[in-house]
Amino acid sequence: MEFMLHMMTDKMLFKPPPREKDWKCPHDCRNIRVRAMSGDEIHCQLIGPWDKPVDMHNYKETEILLMYLHGNNEDIASSLSYRQWLANHTSANVLTCDYPGYGFSTGDPSEEGMHHAAMAMLDLATTKLDQSPSQIIVLGKSIGSTPAIGLASHSYCVNLRGLILVSPVASGVRCLSISSRLPEYLLNNLDSLILPNIKHIHSVRCPIQFIHGLDDQIVPCNNTRSLISAMNKKVCVEPLFVKAGHNNIESEHTSTFLNVIQDFIELCRQRQSFSVPYEY
C-alpha cells in the first residue's frame with residue numbers, strides 16, 4: 001500500500017522542467033556525473049564567483065562550500081543564473097545536483113531519489129573536492145528542503161556548518177490548502193505520508209536560517225512555523241518572513257535576502273572558531 005501511494009504521489013508531485021531534444025550533458029571542468037546508491041547517474045555542477053574560475057578535477061578546498069538543492073520544476077540549467085548570483089554575492093563556490101529524472105540525471109523522480117542524489121553530491125564534495133562537512137553550508141529551496149534536511153539530520157553531518165531553508169516544506173500534506181482546516185492531531189498522523197521534514201528537523205544539530213514569503217500560496221509560510229515548533233528548541237537565528245510569494249522573495253527583497261544570507265554565513269564562520277557544540 002505504501003509503495004502504491006508513493007508511486008501515485010511521485011507522478012503528481014515531481015515536475016521536472018522539459019529538456020530540449022538536442023541538449024547534451026556538458027563535459028568540462030565544472031560538470032561531472034556521479035553514481036548514487038540507487039544506481040542512477042547524478043549530474044553535478046560546480047560554479048564559483050564570476051572572477052574565480054573553478055575546476056572540478058583540480059580543486060582546492062575553500063573555507064565555505066555552498067551546496068544548493070533546487071526546487072521543483074527547476075534543474076541545473078534553469079538555476080544557473082540564480083546560483084551564479086549566490087556565488088557572486090557570497091564569494092563562495094556553489095555545488096549543485098539534479099535529482100533522478102531531472103536535467104541529465106538518470107532515473108525517475110521520487111522522494112527517495114532526491115535523498116540519494118543529495119548523498120551522492122555530499123560524497124563528491126567530501127572526497128573529490130576534499131571539503132569536510134564543517135566547511136559546507138546546505139541551501140535547500142522549496143521541495144529541495146527535503147534532501148537538505150535529510151543531509152543535515154544525517155549522523156555524518158553532525159558538524160555541518162549550516163543549513164539555509166528557503167520556502168521549506170514541513171510535509172506534503174501541509175502544502176495542501178485544506179491543511180489549514182485540519183486539526184493538528186490529524187496533520188501529525190498524515191505528516192509521514194510524503195516529504196516528512198517535520199519528523200526529521202529535530203535531528204539537525206547545526207544553525208538553521210529559515211526564509212519564507214508570507215503570501216506563499218504553493219508552500220504556505222505555516223510550513224516554516226511548523227518546522228520551528230517541531231524542533232522543540234529555541235531558534236538562535238531569527239527566521240526571515242517577508243511579504244512575498246513562493247518564487248519572488250529574492251527579486252522583491254533582494255538586499256534583505258542577501259544581507260540575511262551573508263550574516264548567516266558569518267555567524268557560521270564565527271561558530272567554527274569555537275570548539276563547543278552548537279546549542280539553540
# chains A, B, ... in the order shown; residues from 1 in each chain; ligands from 1

$ closest_atom_pairs --of "region 190-265 of chain A" --to "region 87-106 of chain A" --cutoff "12 Å" --atoms "only C-alpha atoms" --output "JSON lines"
{"residue": "A:Thr254", "atom": "CA", "partner": "A:His89", "partner_atom": "CA", "distance": 11.1}
{"residue": "A:Ser255", "atom": "CA", "partner": "A:His89", "partner_atom": "CA", "distance": 10.5}
{"residue": "A:Phe257", "atom": "CA", "partner": "A:His89", "partner_atom": "CA", "distance": 10.9}
{"residue": "A:Leu258", "atom": "CA", "partner": "A:His89", "partner_atom": "CA", "distance": 7.4}
{"residue": "A:Asn259", "atom": "CA", "partner": "A:His89", "partner_atom": "CA", "distance": 9.6}
{"residue": "A:Val260", "atom": "CA", "partner": "A:Thr90", "partner_atom": "CA", "distance": 11.0}
{"residue": "A:Ile261", "atom": "CA", "partner": "A:Thr90", "partner_atom": "CA", "distance": 8.0}
{"residue": "A:Gln262", "atom": "CA", "partner": "A:Thr90", "partner_atom": "CA", "distance": 6.4}
{"residue": "A:Asp263", "atom": "CA", "partner": "A:Thr90", "partner_atom": "CA", "distance": 10.1}
{"residue": "A:Phe264", "atom": "CA", "partner": "A:Thr90", "partner_atom": "CA", "distance": 10.6}
{"residue": "A:Ile265", "atom": "CA", "partner": "A:Thr90", "partner_atom": "CA", "distance": 8.3}

$ residues_around --residues "Ile42 (chain A)" --least-positions-apart "5" --cutoff "6 Å" --atoms "only C-alpha atoms" --output "VMD selection string"
chain A and resid 33 to 35 105

$ write_last_selection --atoms "all heavy atoms" --output "PDB file, in the first residue's frame"
ATOM      1  N   ARG A  33      29.373  13.527 -13.569  1.00  0.00           N
ATOM      2  CA  ARG A  33      28.257  12.634 -13.238  1.00  0.00           C
ATOM      3  C   ARG A  33      28.775  11.613 -12.235  1.00  0.00           C
ATOM      4  O   ARG A  33      29.821  10.994 -12.438  1.00  0.00           O
ATOM      5  CB  ARG A  33      27.713  11.960 -14.490  1.00  0.00           C
ATOM      6  CG  ARG A  33      27.058  12.949 -15.448  1.00  0.00           C
ATOM      7  CD  ARG A  33      26.570  12.288 -16.708  1.00  0.00           C
ATOM      8  NE  ARG A  33      25.277  11.630 -16.513  1.00  0.00           N
ATOM      9  CZ  ARG A  33      24.563  11.152 -17.521  1.00  0.00           C
ATOM     10  NH1 ARG A  33      24.998  11.248 -18.764  1.00  0.00           N
ATOM     11  NH2 ARG A  33      23.402  10.564 -17.290  1.00  0.00           N
ATOM     12  N   VAL A  34      28.046  11.469 -11.133  1.00  0.00           N
ATOM     13  CA  VAL A  34      28.418  10.523 -10.087  1.00  0.00           C
ATOM     14  C   VAL A  34      27.297   9.516  -9.908  1.00  0.00           C
ATOM     15  O   VAL A  34      26.138   9.786 -10.252  1.00  0.00           O
ATOM     16  CB  VAL A  34      28.714  11.252  -8.752  1.00  0.00           C
ATOM     17  CG1 VAL A  34      29.924  12.165  -8.899  1.00  0.00           C
ATOM     18  CG2 VAL A  34      27.504  12.055  -8.288  1.00  0.00           C
ATOM     19  N   ARG A  35      27.629   8.356  -9.366  1.00  0.00           N
ATOM     20  CA  ARG A  35      26.630   7.301  -9.215  1.00  0.00           C
ATOM     21  C   ARG A  35      26.052   7.328  -7.808  1.00  0.00           C
ATOM     22  O   ARG A  35      26.788   7.357  -6.819  1.00  0.00           O
ATOM     23  CB  ARG A  35      27.236   5.933  -9.522  1.00  0.00           C
ATOM     24  CG  ARG A  35      26.184   4.832  -9.665  1.00  0.00           C
ATOM     25  CD  ARG A  35      26.802   3.562 -10.235  1.00  0.00           C
ATOM     26  NE  ARG A  35      27.267   3.750 -11.600  1.00  0.00           N
ATOM     27  CZ  ARG A  35      26.492   3.687 -12.665  1.00  0.00           C
ATOM     28  NH1 ARG A  35      25.194   3.465 -12.533  1.00  0.00           N
ATOM     29  NH2 ARG A  35      27.002   3.857 -13.873  1.00  0.00           N
ATOM     30  N   SER A 105      20.317  13.864 -15.131  1.00  0.00           N
ATOM     31  CA  SER A 105      20.395  12.727 -14.217  1.00  0.00           C
ATOM     32  C   SER A 105      19.450  11.634 -14.693  1.00  0.00           C
ATOM     33  O   SER A 105      18.346  11.911 -15.160  1.00  0.00           O
ATOM     34  CB  SER A 105      20.029  13.154 -12.794  1.00  0.00           C
ATOM     35  OG  SER A 105      21.004  14.033 -12.259  1.00  0.00           O
TER      36      SER A 105
END

$ closest_residue --among "A:Ser79, A:Ser145, A:Ser177, A:Asn197" --to "Ser226 (chain A)" --atoms "only C-alpha atoms"
A:Asn197

$ residues_around --residues "His116 (chain A)" --least-positions-apart "5" --cutoff "8 Å" --atoms "only C-alpha atoms" --output "ChimeraX atom specification"
/A:36-38

$ closest_residue --among "A:Val219, A:Leu129, A:Leu80, A:Ala152" --to "Tyr59 (chain A)" --atoms "only C-alpha atoms"
A:Leu129

$ atom_distance --atom1 "CA of Ile64 (chain A)" --atom2 "CA of Ser132 (chain A)"
9.6 Å

$ residues_around --residues "Asn58 (chain A)" --least-positions-apart "2" --cutoff "12 Å" --atoms "only C-alpha atoms" --output "list of chain:residue names"
A:Asp28, A:Cys29, A:Arg30, A:Pro53, A:Val54, A:Asp55, A:Met56, A:Lys60, A:Glu61, A:Lys128, A:Leu129, A:Asp130

$ write_last_selection --atoms "C-alpha atoms" --output "PDB file, in the first residue's frame"
ATOM      1  CA  ASP A  28      34.084  20.065 -18.791  1.00  0.00           C
ATOM      2  CA  CYS A  29      35.896  21.040 -15.602  1.00  0.00           C
ATOM      3  CA  ARG A  30      32.692  22.263 -13.937  1.00  0.00           C
ATOM      4  CA  PRO A  53      37.042  30.078 -12.191  1.00  0.00           C
ATOM      5  CA  VAL A  54      36.751  26.578 -10.716  1.00  0.00           C
ATOM      6  CA  ASP A  55      37.981  23.187 -11.856  1.00  0.00           C
ATOM      7  CA  MET A  56      36.246  20.084 -10.514  1.00  0.00           C
ATOM      8  CA  LYS A  60      41.449  23.448  -3.984  1.00  0.00           C
ATOM      9  CA  GLU A  61      39.293  23.341  -0.879  1.00  0.00           C
ATOM     10  CA  LYS A 128      36.871  14.524  -4.736  1.00  0.00           C
ATOM     11  CA  LEU A 129      36.646  18.156  -3.553  1.00  0.00           C
ATOM     12  CA  ASP A 130      38.064  17.360  -0.103  1.00  0.00           C
TER      13      ASP A 130
END

$ closest_residue --among "A:Met67, A:Ile198, A:Ile208, A:Ala120" --to "Leu227 (chain A)" --atoms "only C-alpha atoms"
A:Ile198

$ residues_around --residues "Ala230 (chain A)" --least-positions-apart "6" --cutoff "8 Å" --atoms "only C-alpha atoms" --output "ChimeraX atom specification"
/A:198-199,201-202

$ atom_distance --atom1 "CA of Asp40 (chain A)" --atom2 "CA of Arg19 (chain A)"
18.0 Å

$ atom_distance --atom1 "CA of Gly245 (chain A)" --atom2 "CA of Asn223 (chain A)"
13.5 Å

$ select_by_dssp --residues "region 23-193 of chain A" --states "alpha helix (DSSP H)" --output "ChimeraX atom specification"
/A:80-90,111-127,145-152,184-190

$ write_last_selection --atoms "N, CA and C atoms" --output "compact mmCIF listing (two decimals), in the first residue's frame"
# COMPACT_ATOMS: atom_id res chain seq x y z
N LEU A 80 21.02 28.13 -13.21
CA LEU A 80 22.40 28.61 -13.33
C LEU A 80 22.54 30.07 -12.93
N SER A 81 21.67 30.94 -13.44
CA SER A 81 21.81 32.37 -13.13
C SER A 81 21.59 32.63 -11.64
N TYR A 82 20.68 31.89 -11.02
CA TYR A 82 20.43 32.04 -9.58
C TYR A 82 21.65 31.62 -8.78
N ARG A 83 22.26 30.50 -9.15
CA ARG A 83 23.44 30.02 -8.43
C ARG A 83 24.64 30.93 -8.65
N GLN A 84 24.76 31.47 -9.86
CA GLN A 84 25.85 32.41 -10.12
C GLN A 84 25.68 33.67 -9.29
N TRP A 85 24.45 34.10 -9.14
CA TRP A 85 24.12 35.26 -8.30
C TRP A 85 24.51 35.00 -6.85
N LEU A 86 24.20 33.81 -6.35
CA LEU A 86 24.58 33.44 -4.99
C LEU A 86 26.10 33.41 -4.84
N ALA A 87 26.77 32.80 -5.80
CA ALA A 87 28.23 32.71 -5.73
C ALA A 87 28.87 34.09 -5.73
N ASN A 88 28.38 34.97 -6.59
CA ASN A 88 28.96 36.32 -6.69
C ASN A 88 28.82 37.09 -5.38
N HIS A 89 27.67 36.96 -4.72
CA HIS A 89 27.39 37.78 -3.54
C HIS A 89 27.85 37.14 -2.23
N THR A 90 28.19 35.86 -2.27
CA THR A 90 28.70 35.22 -1.06
C THR A 90 30.20 34.92 -1.17
N GLU A 111 10.85 10.84 -4.05
CA GLU A 111 11.37 11.38 -2.79
C GLU A 111 12.67 10.68 -2.41
N GLU A 112 12.70 9.38 -2.53
CA GLU A 112 13.92 8.63 -2.20
C GLU A 112 15.06 9.02 -3.13
N GLY A 113 14.72 9.26 -4.41
CA GLY A 113 15.74 9.64 -5.38
C GLY A 113 16.41 10.95 -5.03
N MET A 114 15.64 11.92 -4.49
CA MET A 114 16.23 13.19 -4.07
C MET A 114 17.28 12.97 -2.98
N HIS A 115 16.96 12.10 -2.02
CA HIS A 115 17.90 11.82 -0.94
C HIS A 115 19.17 11.14 -1.47
N HIS A 116 19.00 10.21 -2.39
CA HIS A 116 20.16 9.52 -2.96
C HIS A 116 21.05 10.50 -3.73
N ALA A 117 20.42 11.41 -4.47
CA ALA A 117 21.20 12.40 -5.22
C ALA A 117 21.97 13.31 -4.29
N ALA A 118 21.32 13.76 -3.21
CA ALA A 118 21.98 14.65 -2.25
C ALA A 118 23.16 13.95 -1.59
N MET A 119 23.00 12.67 -1.24
CA MET A 119 24.09 11.93 -0.62
C MET A 119 25.25 11.73 -1.60
N ALA A 120 24.92 11.50 -2.87
CA ALA A 120 25.97 11.35 -3.88
C ALA A 120 26.74 12.66 -4.04
N MET A 121 26.03 13.79 -3.99
CA MET A 121 26.70 15.08 -4.10
C MET A 121 27.57 15.34 -2.87
N LEU A 122 27.08 14.98 -1.70
CA LEU A 122 27.88 15.15 -0.48
C LEU A 122 29.14 14.31 -0.55
N ASP A 123 29.02 13.09 -1.05
CA ASP A 123 30.19 12.23 -1.20
C ASP A 123 31.20 12.86 -2.16
N LEU A 124 30.71 13.45 -3.25
CA LEU A 124 31.57 14.16 -4.19
C LEU A 124 32.30 15.31 -3.49
N ALA A 125 31.56 16.07 -2.68
CA ALA A 125 32.15 17.23 -2.01
C ALA A 125 33.22 16.83 -1.01
N THR A 126 32.99 15.72 -0.30
CA THR A 126 33.92 15.35 0.77
C THR A 126 35.08 14.48 0.29
N THR A 127 34.94 13.85 -0.86
CA THR A 127 36.03 13.01 -1.37
C THR A 127 36.81 13.71 -2.47
N SER A 145 14.14 21.43 0.19
CA SER A 145 14.31 21.39 1.64
C SER A 145 14.29 19.95 2.16
N THR A 146 13.65 19.05 1.41
CA THR A 146 13.57 17.65 1.85
C THR A 146 14.94 16.98 1.84
N PRO A 147 15.67 16.95 0.72
CA PRO A 147 17.02 16.36 0.79
C PRO A 147 17.98 17.20 1.63
N ALA A 148 17.73 18.52 1.74
CA ALA A 148 18.60 19.37 2.56
C ALA A 148 18.49 18.98 4.03
N ILE A 149 17.26 18.83 4.52
CA ILE A 149 17.06 18.42 5.92
C ILE A 149 17.53 16.99 6.11
N GLY A 150 17.32 16.16 5.09
CA GLY A 150 17.80 14.78 5.17
C GLY A 150 19.30 14.72 5.36
N LEU A 151 20.04 15.54 4.60
CA LEU A 151 21.50 15.59 4.76
C LEU A 151 21.88 16.11 6.13
N ALA A 152 21.29 17.23 6.52
CA ALA A 152 21.67 17.89 7.76
C ALA A 152 21.36 17.04 8.99
N GLU A 184 -4.68 19.59 14.40
CA GLU A 184 -3.26 19.30 14.49
C GLU A 184 -3.00 17.81 14.67
N TYR A 185 -3.81 17.12 15.43
CA TYR A 185 -3.56 15.70 15.66
C TYR A 185 -3.68 14.91 14.35
N LEU A 186 -4.58 15.33 13.46
CA LEU A 186 -4.74 14.65 12.17
C LEU A 186 -3.55 14.98 11.26
N LEU A 187 -3.12 16.23 11.27
CA LEU A 187 -1.94 16.61 10.49
C LEU A 187 -0.73 15.80 10.93
N ASN A 188 -0.57 15.64 12.23
CA ASN A 188 0.56 14.86 12.75
C ASN A 188 0.54 13.43 12.23
N ASN A 189 -0.63 12.86 12.10
CA ASN A 189 -0.75 11.49 11.60
C ASN A 189 -0.49 11.40 10.10
N LEU A 190 -0.79 12.48 9.37
CA LEU A 190 -0.63 12.48 7.91
C LEU A 190 0.75 12.94 7.47

$ closest_residue --among "A:Asn31, A:Ile136, A:Ala170, A:Cys44" --to "Ser229 (chain A)" --atoms "only C-alpha atoms"
A:Ala170

$ closest_residue --among "A:His246, A:His43, A:Arg161, A:Lys233" --to "Gln270 (chain A)" --atoms "only C-alpha atoms"
A:Arg161

$ select_by_dssp --residues "region 95-276 of chain A" --states "strand (DSSP E or B)" --output "PyMOL selection string"
chain A and resi 95-97+136-141+162-166+208-213+240-242

$ closest_residue --among "A:Gly162, A:Asn247, A:Glu63, A:Cys175" --to "Cys206 (chain A)" --atoms "only C-alpha atoms"
A:Gly162

$ residues_around --residues "Ile211 (chain A)" --least-positions-apart "3" --cutoff "7 Å" --atoms "only C-alpha atoms" --output "ChimeraX atom specification"
/A:165-167,239-241

$ write_last_selection --atoms "C-alpha atoms" --output "PDB file, in the first residue's frame"
ATOM      1  CA  LEU A 165      15.905  26.708   4.104  1.00  0.00           C
ATOM      2  CA  VAL A 166      14.073  28.933   1.616  1.00  0.00           C
ATOM      3  CA  SER A 167      10.296  28.365   1.436  1.00  0.00           C
ATOM      4  CA  PRO A 239      13.758  33.494  10.764  1.00  0.00           C
ATOM      5  CA  LEU A 240      13.065  35.879   7.890  1.00  0.00           C
ATOM      6  CA  PHE A 241       9.425  36.345   6.919  1.00  0.00           C
TER       7      PHE A 241
END

$ residues_around --residues "Ser155 (chain A)" --least-positions-apart "3" --cutoff "10 Å" --atoms "only C-alpha atoms" --output "PDB file with C-alpha atoms, in the first residue's frame"
ATOM      1  CA  LEU A 151      21.501  15.593   4.756  1.00  0.00           C
ATOM      2  CA  ALA A 152      21.672  17.893   7.765  1.00  0.00           C
ATOM      3  CA  VAL A 158      26.691  16.399  12.817  1.00  0.00           C
ATOM      4  CA  ASN A 159      29.377  19.062  12.236  1.00  0.00           C
ATOM      5  CA  LEU A 160      27.717  20.613   9.185  1.00  0.00           C
ATOM      6  CA  SER A 203      17.800  15.825  14.413  1.00  0.00           C
ATOM      7  CA  VAL A 204      19.570  18.777  12.756  1.00  0.00           C
ATOM      8  CA  ARG A 205      22.377  19.990  15.020  1.00  0.00           C
TER       9      ARG A 205
END
